[in-house]
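Trainee: Data file start-v6.pdb (PDB, C-alpha atoms, pLDDT in the B column) is appended below.
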```
ATOM      1  CA  MET A   1     -91.723-114.647  45.254  1.00 46.00           C
ATOM      2  CA  GLU A   2     -93.693-111.397  45.475  1.00 48.00           C
ATOM      3  CA  ASP A   3     -96.084-110.432  42.698  1.00 49.00           C
ATOM      4  CA  ASP A   4     -98.510-107.633  41.949  1.00 61.00           C
ATOM      5  CA  GLY A   5    -101.089-109.966  40.445  1.00 60.00           C
ATOM      6  CA  PRO A   6    -104.220-111.444  41.957  1.00 59.00           C
ATOM      7  CA  PRO A   7    -104.054-113.220  45.321  1.00 62.00           C
ATOM      8  CA  ARG A   8    -102.864-116.818  45.214  1.00 64.00           C
ATOM      9  CA  SER A   9    -105.489-119.529  45.422  1.00 68.00           C
ATOM     10  CA  THR A  10    -105.431-122.598  47.632  1.00 76.00           C
ATOM     11  CA  ALA A  11    -104.677-124.680  44.520  1.00 77.00           C
ATOM     12  CA  ASP A  12    -101.641-122.490  43.759  1.00 80.00           C
ATOM     13  CA  GLU A  13    -100.371-122.955  47.298  1.00 87.00           C
ATOM     14  CA  GLU A  14    -100.908-126.728  47.070  1.00 90.00           C
ATOM     15  CA  THR A  15     -99.018-126.846  43.763  1.00 90.00           C
ATOM     16  CA  ALA A  16     -96.082-124.956  45.283  1.00 92.00           C
ATOM     17  CA  ARG A  17     -96.076-127.309  48.293  1.00 94.00           C
ATOM     18  CA  ILE A  18     -96.024-130.435  46.107  1.00 95.00           C
ATOM     19  CA  LEU A  19     -93.231-128.990  43.990  1.00 95.00           C
ATOM     20  CA  ARG A  20     -91.175-128.109  47.080  1.00 94.00           C
ATOM     21  CA  GLU A  21     -91.586-131.682  48.351  1.00 95.00           C
ATOM     22  CA  GLY A  22     -90.470-133.009  44.957  1.00 95.00           C
ATOM     23  CA  HIS A  23     -87.155-131.149  45.080  1.00 92.00           C
ATOM     24  CA  ASP A  24     -85.071-134.244  44.244  1.00 94.00           C
ATOM     25  CA  TYR A  25     -87.202-134.988  41.183  1.00 95.00           C
ATOM     26  CA  ILE A  26     -87.004-131.368  40.045  1.00 95.00           C
ATOM     27  CA  LEU A  27     -83.196-131.526  40.215  1.00 95.00           C
ATOM     28  CA  SER A  28     -83.291-134.382  37.685  1.00 95.00           C
ATOM     29  CA  LEU A  29     -85.104-132.265  35.055  1.00 95.00           C
ATOM     30  CA  PRO A  30     -83.429-130.512  32.096  1.00 94.00           C
ATOM     31  CA  PRO A  31     -82.280-126.949  32.932  1.00 95.00           C
ATOM     32  CA  ASP A  32     -85.242-124.970  31.537  1.00 96.00           C
ATOM     33  CA  GLU A  33     -87.820-127.328  33.052  1.00 96.00           C
ATOM     34  CA  ARG A  34     -85.924-127.306  36.353  1.00 96.00           C
ATOM     35  CA  HIS A  35     -85.932-123.500  36.373  1.00 97.00           C
ATOM     36  CA  ILE A  36     -89.687-123.326  35.689  1.00 97.00           C
ATOM     37  CA  ALA A  37     -90.470-125.879  38.399  1.00 96.00           C
ATOM     38  CA  THR A  38     -88.199-124.093  40.882  1.00 96.00           C
ATOM     39  CA  LEU A  39     -89.882-120.748  40.218  1.00 96.00           C
ATOM     40  CA  ALA A  40     -93.299-122.349  40.692  1.00 95.00           C
ATOM     41  CA  ALA A  41     -92.147-124.024  43.923  1.00 95.00           C
ATOM     42  CA  GLU A  42     -91.030-120.606  45.160  1.00 94.00           C
ATOM     43  CA  GLY A  43     -94.550-119.310  44.519  1.00 91.00           C
ATOM     44  CA  ALA A  44     -94.189-117.516  41.181  1.00 92.00           C
ATOM     45  CA  PRO A  45     -97.470-117.439  39.244  1.00 91.00           C
ATOM     46  CA  VAL A  46     -97.699-119.050  35.799  1.00 92.00           C
ATOM     47  CA  TRP A  47     -97.963-115.724  33.970  1.00 92.00           C
ATOM     48  CA  GLU A  48     -94.792-114.427  35.620  1.00 94.00           C
ATOM     49  CA  ILE A  49     -92.827-117.585  34.820  1.00 94.00           C
ATOM     50  CA  ALA A  50     -94.051-117.417  31.214  1.00 95.00           C
ATOM     51  CA  GLN A  51     -92.884-113.821  30.872  1.00 96.00           C
ATOM     52  CA  GLN A  52     -89.496-114.580  32.401  1.00 96.00           C
ATOM     53  CA  MET A  53     -88.973-117.683  30.218  1.00 96.00           C
ATOM     54  CA  ARG A  54     -90.457-115.972  27.131  1.00 95.00           C
ATOM     55  CA  ILE A  55     -92.905-118.793  26.469  1.00 95.00           C
ATOM     56  CA  SER A  56     -96.692-119.009  26.614  1.00 94.00           C
ATOM     57  CA  ASP A  57     -98.703-119.348  29.797  1.00 93.00           C
ATOM     58  CA  ALA A  58    -100.104-122.586  28.351  1.00 93.00           C
ATOM     59  CA  ALA A  59     -96.608-124.033  27.886  1.00 94.00           C
ATOM     60  CA  VAL A  60     -95.741-123.294  31.521  1.00 95.00           C
ATOM     61  CA  ALA A  61     -99.052-124.677  32.800  1.00 93.00           C
ATOM     62  CA  HIS A  62     -98.682-127.843  30.700  1.00 92.00           C
ATOM     63  CA  LEU A  63     -95.132-128.443  31.950  1.00 94.00           C
ATOM     64  CA  LEU A  64     -96.182-127.928  35.565  1.00 95.00           C
ATOM     65  CA  ASP A  65     -99.107-130.311  35.068  1.00 94.00           C
ATOM     66  CA  ARG A  66     -96.740-132.993  33.733  1.00 93.00           C
ATOM     67  CA  ILE A  67     -94.338-132.497  36.636  1.00 95.00           C
ATOM     68  CA  LEU A  68     -97.170-132.622  39.176  1.00 95.00           C
ATOM     69  CA  ALA A  69     -98.500-135.782  37.515  1.00 94.00           C
ATOM     70  CA  ALA A  70     -95.096-137.428  37.864  1.00 93.00           C
ATOM     71  CA  LEU A  71     -94.790-136.377  41.502  1.00 94.00           C
ATOM     72  CA  MET A  72     -98.301-137.557  42.369  1.00 93.00           C
ATOM     73  CA  GLY A  73     -98.217-140.790  40.348  1.00 91.00           C
ATOM     74  CA  ARG A  74    -100.983-139.594  38.032  1.00 90.00           C
ATOM     75  CA  THR A  75    -100.842-140.617  34.378  1.00 86.00           C
ATOM     76  CA  ILE A  76    -101.176-138.087  31.601  1.00 76.00           C
ATOM     77  CA  ASP A  77    -102.233-138.623  28.025  1.00 70.00           C
ATOM     78  CA  ALA A  78     -99.557-138.235  25.396  1.00 68.00           C
ATOM     79  CA  VAL A  79    -100.296-135.576  22.815  1.00 63.00           C
ATOM     80  CA  GLU A  80     -99.430-135.978  19.154  1.00 60.00           C
ATOM     81  CA  THR A  81     -97.697-132.873  17.872  1.00 63.00           C
ATOM     82  CA  GLY A  82     -95.912-131.831  14.746  1.00 62.00           C
ATOM     83  CA  GLY A  83     -94.135-128.850  13.299  1.00 62.00           C
ATOM     84  CA  LEU A  84     -95.572-126.186  11.040  1.00 63.00           C
ATOM     85  CA  GLY A  85     -97.466-127.905   8.235  1.00 62.00           C
ATOM     86  CA  ALA A  86     -97.081-131.339   9.823  1.00 60.00           C
ATOM     87  CA  ASP A  87     -99.824-133.833   9.123  1.00 59.00           C
ATOM     88  CA  THR A  88    -100.948-135.277  12.435  1.00 60.00           C
ATOM     89  CA  ASP A  89    -103.939-137.174  11.032  1.00 60.00           C
ATOM     90  CA  PRO A  90    -103.899-140.924  11.705  1.00 59.00           C
ATOM     91  CA  GLY A  91    -103.531-143.663   9.181  1.00 60.00           C
ATOM     92  CA  VAL A  92    -101.447-144.541   6.167  1.00 60.00           C
ATOM     93  CA  THR A  93    -103.138-141.927   4.022  1.00 60.00           C
ATOM     94  CA  GLY A  94    -102.837-139.251   6.688  1.00 60.00           C
ATOM     95  CA  GLY A  95    -106.597-138.851   6.745  1.00 61.00           C
ATOM     96  CA  TYR A  96    -106.755-137.926   3.078  1.00 63.00           C
ATOM     97  CA  ASP A  97    -108.626-139.704   0.322  1.00 64.00           C
ATOM     98  CA  PRO A  98    -106.185-142.161  -1.334  1.00 63.00           C
ATOM     99  CA  GLU A  99    -107.896-141.475  -4.666  1.00 68.00           C
ATOM    100  CA  PRO A 100    -108.465-137.719  -4.614  1.00 62.00           C
ATOM    101  CA  PHE A 101    -109.478-137.525  -8.297  1.00 65.00           C
ATOM    102  CA  GLY A 102    -112.073-140.251  -8.296  1.00 62.00           C
ATOM    103  CA  ASP A 103    -111.950-143.987  -8.938  1.00 62.00           C
ATOM    104  CA  SER A 104    -108.788-144.963 -10.830  1.00 58.00           C
ATOM    105  CA  GLY A 105    -110.195-148.359 -11.782  1.00 58.00           C
ATOM    106  CA  ARG A 106    -112.223-147.161 -14.801  1.00 56.00           C
TER     107      ARG A 106
END
```
Once more with this new file: its structure as structure tokens, please.
Mentor:
Amino acid sequence: MEDDGPPRSTADEETARILREGHDYILSLPPDERHIATLAAEGAPVWEIAQQMRISDAAVAHLLDRILAALMGRTIDAVETGGLGADTDPGVTGGYDPEPFGDSGR
């Protein structure tokens, strides 16, 4: 895929090569993920894929990292996420003081 952006790095070329070799795995992905991986395998840069898919560069890069990890046998750390206003703090109390107004045992 031709672009007007900066020249491609060796790492970009290596990523595209790995993705091309993982064609069978890419075919098993959901449609949007498959499309992103296919574009990257064809040499499209992250910023161009993000614009085409109307998502952030970070979302594209994260997806490609997960796909590359699967293809290379590398593990990735799961990330805890939540929606707007979601409490992602650990523990039963969600990270908040269980007695916010002082000791209730008086």
Trainee: Find the residue from A:Gln52, A:Arg66, A:Met72, A:Glu21 that sits nearest to His35 of chain A; use all atoms listed in the file when measuring.
Mentor: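 Nearest to His35 of chain A: A:Gln52.
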Trainee: Expressed in Å to a single decimal, how great is the separation between atom CA of Val46 of chain A and atom CA of Glu13 of chain A?
Mentor: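 Separation between atom CA of Val46 of chain A and atom CA of Glu13 of chain A: 12.4 Å.
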Trainee: Using all atoms listed in the file, which residue out of A:Ile26, A:Ala37, A:Asp12, A:Ile18 lies closest to Leu64 of chain A?
Mentor: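 Closest to Leu64 of chain A of all the choices is A:Ala37.
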Trainee: Neighbours of Ile49 of chain A within 9 Å (all atoms listed in the file; same-chain residues fewer than 3 positions away dropped), as an MDAnalysis selection string?
Mentor: chainID A and resid 36 39:40 44:46 52:55 57 60
Trainee: Filtering to C-alpha atoms, could you give me those residues as a compact mmCIF listing (two decimals), keeping the file's coordinate frame?
Mentor:
```
# COMPACT_ATOMS: atom_id res chain seq x y z
CA ILE A 36 -89.69 -123.33 35.69
CA LEU A 39 -89.88 -120.75 40.22
CA ALA A 40 -93.30 -122.35 40.69
CA ALA A 44 -94.19 -117.52 41.18
CA PRO A 45 -97.47 -117.44 39.24
CA VAL A 46 -97.70 -119.05 35.80
CA GLN A 52 -89.50 -114.58 32.40
CA MET A 53 -88.97 -117.68 30.22
CA ARG A 54 -90.46 -115.97 27.13
CA ILE A 55 -92.90 -118.79 26.47
CA ASP A 57 -98.70 -119.35 29.80
CA VAL A 60 -95.74 -123.29 31.52
```
Trainee: So which residues fall inside 12 Å of (-98.2, -133.4, 38.1) if we count all atoms listed in the file? Mind giving them as a PyMOL selection string?
Mentor: chain A and resi 14-16+18-19+22+25-26+37+61-76
Trainee: Write to file, as a short mmCIF file (atom, residue, chain, number, x, y, z; two decimals), keeping the file's coordinate frame, the residues of the selection just made, with C-alpha atoms.
Mentor:
```
data_model
loop_
_atom_site.label_atom_id
_atom_site.label_comp_id
_atom_site.auth_asym_id
_atom_site.auth_seq_id
_atom_site.Cartn_x
_atom_site.Cartn_y
_atom_site.Cartn_z
CA GLU A 14 -100.91 -126.73 47.07
CA THR A 15 -99.02 -126.85 43.76
CA ALA A 16 -96.08 -124.96 45.28
CA ILE A 18 -96.02 -130.44 46.11
CA LEU A 19 -93.23 -128.99 43.99
CA GLY A 22 -90.47 -133.01 44.96
CA TYR A 25 -87.20 -134.99 41.18
CA ILE A 26 -87.00 -131.37 40.04
CA ALA A 37 -90.47 -125.88 38.40
CA ALA A 61 -99.05 -124.68 32.80
CA HIS A 62 -98.68 -127.84 30.70
CA LEU A 63 -95.13 -128.44 31.95
CA LEU A 64 -96.18 -127.93 35.56
CA ASP A 65 -99.11 -130.31 35.07
CA ARG A 66 -96.74 -132.99 33.73
CA ILE A 67 -94.34 -132.50 36.64
CA LEU A 68 -97.17 -132.62 39.18
CA ALA A 69 -98.50 -135.78 37.52
CA ALA A 70 -95.10 -137.43 37.86
CA LEU A 71 -94.79 -136.38 41.50
CA MET A 72 -98.30 -137.56 42.37
CA GLY A 73 -98.22 -140.79 40.35
CA ARG A 74 -100.98 -139.59 38.03
CA THR A 75 -100.84 -140.62 34.38
CA ILE A 76 -101.18 -138.09 31.60
#
```
Trainee: Grab the atom CA of Gly43 of chain A to atom CA of Arg17 of chain A distance for me, in Å with one decimal place.
Mentor: 9.0 Å
Trainee: Which distance in Å separates atom CA of Arg20 of chain A and atom CA of Glu42 of chain A, to one decimal?
Mentor: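 Spanning atom CA of Arg20 of chain A to atom CA of Glu42 of chain A is a straight-line distance of 7.7 Å.
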